[in-house]
Amino acid sequence: MAFERNAQHFHSYVMQRPNMGQICGVPLDQNTCDTWSDIWKFQAHPEDILMAAYPKAGITWMQEIVDMIYQGGDEVKCGRAPTYDRHPFLEAVAPKPVPSGLQLAEEMDPPRILKSHLPVQLIPPSIWEQNCKVIYVARNAKDSMVSYFHFQRMNKGLPDPGSWDSYFAAFLSGQVPWGSWFDHVISWWKAKDEHQILFIFYEDMIQDTRQEIRKVMRFLGKELSEEVLEKIYEHSSFKAMKDNPMANYSTIPSFVMDHSVSPFMRKGIVGDWKKHFFVAQNEIFEEEYERRMKGTGVSFRTQI
């Protein structure tokens, strides 16, 4: 298994925060940029499922739900490997000899559950050519910003976020890995009318998880009993996932992801931004949000 190879090789290099490059104006890890032509040429299969989201929008949660749906609610099968090996992260390029997301995907037989944080215009064309089903998870910008800030603090695979004040400005201007939250969400929102895309809101998942699981099941063409649905609900709860080493990224060495700085599964709530935003920051944010989101037709809840 790939995750066993990972464990053997993680200690063979010193982890340094990455240099950043750009693809079509979107900030990405330089290693991703260096192998972009291969990522762009990725060959999808019609049965592949793509999980997509802006970072820290709930994609790991959705991955676990979809895996449980495909495994018929079998928790043992879902525990076969850590989430990052079950669901290849298409644009992820780890230091050698750890395999890239692309390599992991190419080693697997369809149907593959794939993951990406890319904005819609950078998704490999074969995903659309093969008419793959895509599930996009969107989270309100304020909570996304807070969660992403803490994630960058603990994850040396991303640039150092600096202070909260400087990060606030960087996030609003899109100068963070994978670019602007606004561009990301708006581009995917528009694309949902052209492709097989199920657009799910994180806040809806929090408010009525069972209803959103049913929505995903219907989209994937799966009919499962209420008993199995309940298993999926319980297995994918925040507490269950926080305690599950196959879902909580605790199998990644601490010199890569330092959970003592901030846990990967941090709070899983709506409205945590209120503990971070100063009054002046909230005013700046609201003004920019109104300017960028006006007329898009997509609306988010920042509290429930």
# chains A, B, ... in the order shown; residues from 1 in each chain; ligands from 1
call {"tool": "select_by_dssp", "arguments": {"residues": "stretch 14-241 of chain A", "states": "helix (DSSP H, G or I)", "output": "MDAnalysis selection string"}}
result
chainID A and resid 30:34 36:40 59:70 75:78 83:86 101:107 120:122 125:129 141:154 164:172 181:191 202:207 209:219 226:235 238:241
call {"tool": "residues_around", "arguments": {"residues": "stretch 126-141 of chain A", "least_positions_apart": "4", "cutoff": "9 Å", "atoms": "only C-alpha atoms", "output": "number ranges by chain"}}
result
A: 40-54, 56-59, 62, 145-146, 181-182, 185, 188-189, 195-203, 216, 219-220, 270, 289, 299-302
call {"tool": "residues_around", "arguments": {"residues": "stretch 89-98 of chain A", "least_positions_apart": "4", "cutoff": "7 Å", "atoms": "only C-alpha atoms", "output": "ChimeraX atom specification"}}
result
/A:6,9,31-32,39,84,102,114-116
call {"tool": "write_last_selection", "arguments": {"atoms": "C-alpha atoms", "output": "CSV table (one decimal), in the first residue's frame"}}
result
chain,number,residue,atom,x,y,z
A,6,ASN,CA,4.9,6.9,2.8
A,9,HIS,CA,10.1,7.5,3.6
A,31,ASN,CA,6.4,21.3,-7.1
A,32,THR,CA,2.9,21.2,-8.5
A,39,ILE,CA,-1.4,16.8,-13.9
A,84,TYR,CA,-4.8,10.6,1.6
A,102,LEU,CA,-1.1,11.5,-9.7
A,114,LEU,CA,-10.3,11.7,-6.3
A,115,LYS,CA,-9.7,14.9,-4.5
A,116,SER,CA,-8.7,18.4,-5.7
call {"tool": "select_by_dssp", "arguments": {"residues": "stretch 78-292 of chain A", "states": "strand (DSSP E or B)", "output": "ChimeraX atom specification"}}
result
/A:89,113-116,133-138,155,197-201,257
call {"tool": "residues_around", "arguments": {"residues": "A:Asp67", "least_positions_apart": "3", "cutoff": "8 Å", "atoms": "only C-alpha atoms", "output": "PyMOL selection string"}}
result
chain A and resi 63-64+70-71+78+113
call {"tool": "closest_residue", "arguments": {"among": "A:Ile206, A:Ile232, A:Cys33, A:Leu122", "to": "A:Gly72", "atoms": "only C-alpha atoms"}}
result
A:Ile232
call {"tool": "residues_around", "arguments": {"residues": "A:Ser166", "least_positions_apart": "6", "cutoff": "12 Å", "atoms": "only C-alpha atoms", "output": "compact mmCIF listing (two decimals) with N, CA, C and O atoms, in the first residue's frame"}}
result
# COMPACT_ATOMS: atom_id res chain seq x y z
N MET A 145 -11.58 31.18 6.08
CA MET A 145 -10.36 31.94 6.35
C MET A 145 -9.74 31.53 7.68
O MET A 145 -8.53 31.27 7.77
N PHE A 149 -6.20 29.52 8.07
CA PHE A 149 -5.12 30.14 8.83
C PHE A 149 -4.50 29.14 9.80
O PHE A 149 -3.28 28.96 9.84
N ASP A 160 4.15 29.47 5.57
CA ASP A 160 3.83 30.02 6.89
C ASP A 160 2.80 31.14 6.71
O ASP A 160 3.01 32.05 5.90
N LEU A 172 -8.07 37.78 1.68
CA LEU A 172 -9.02 38.63 0.95
C LEU A 172 -8.54 38.95 -0.46
O LEU A 172 -9.34 39.06 -1.38
N SER A 173 -7.22 39.07 -0.62
CA SER A 173 -6.68 39.40 -1.94
C SER A 173 -6.34 38.16 -2.77
O SER A 173 -5.87 38.27 -3.90
N GLN A 175 -4.04 35.88 -2.14
CA GLN A 175 -2.62 35.54 -2.14
C GLN A 175 -2.32 34.42 -1.15
O GLN A 175 -1.47 34.54 -0.26
N VAL A 176 -3.05 33.34 -1.29
CA VAL A 176 -2.87 32.13 -0.48
C VAL A 176 -2.88 30.94 -1.44
O VAL A 176 -3.34 31.06 -2.58
N GLN A 281 -12.05 44.59 10.96
CA GLN A 281 -11.82 43.55 9.95
C GLN A 281 -13.15 43.08 9.36
O GLN A 281 -13.27 42.88 8.15
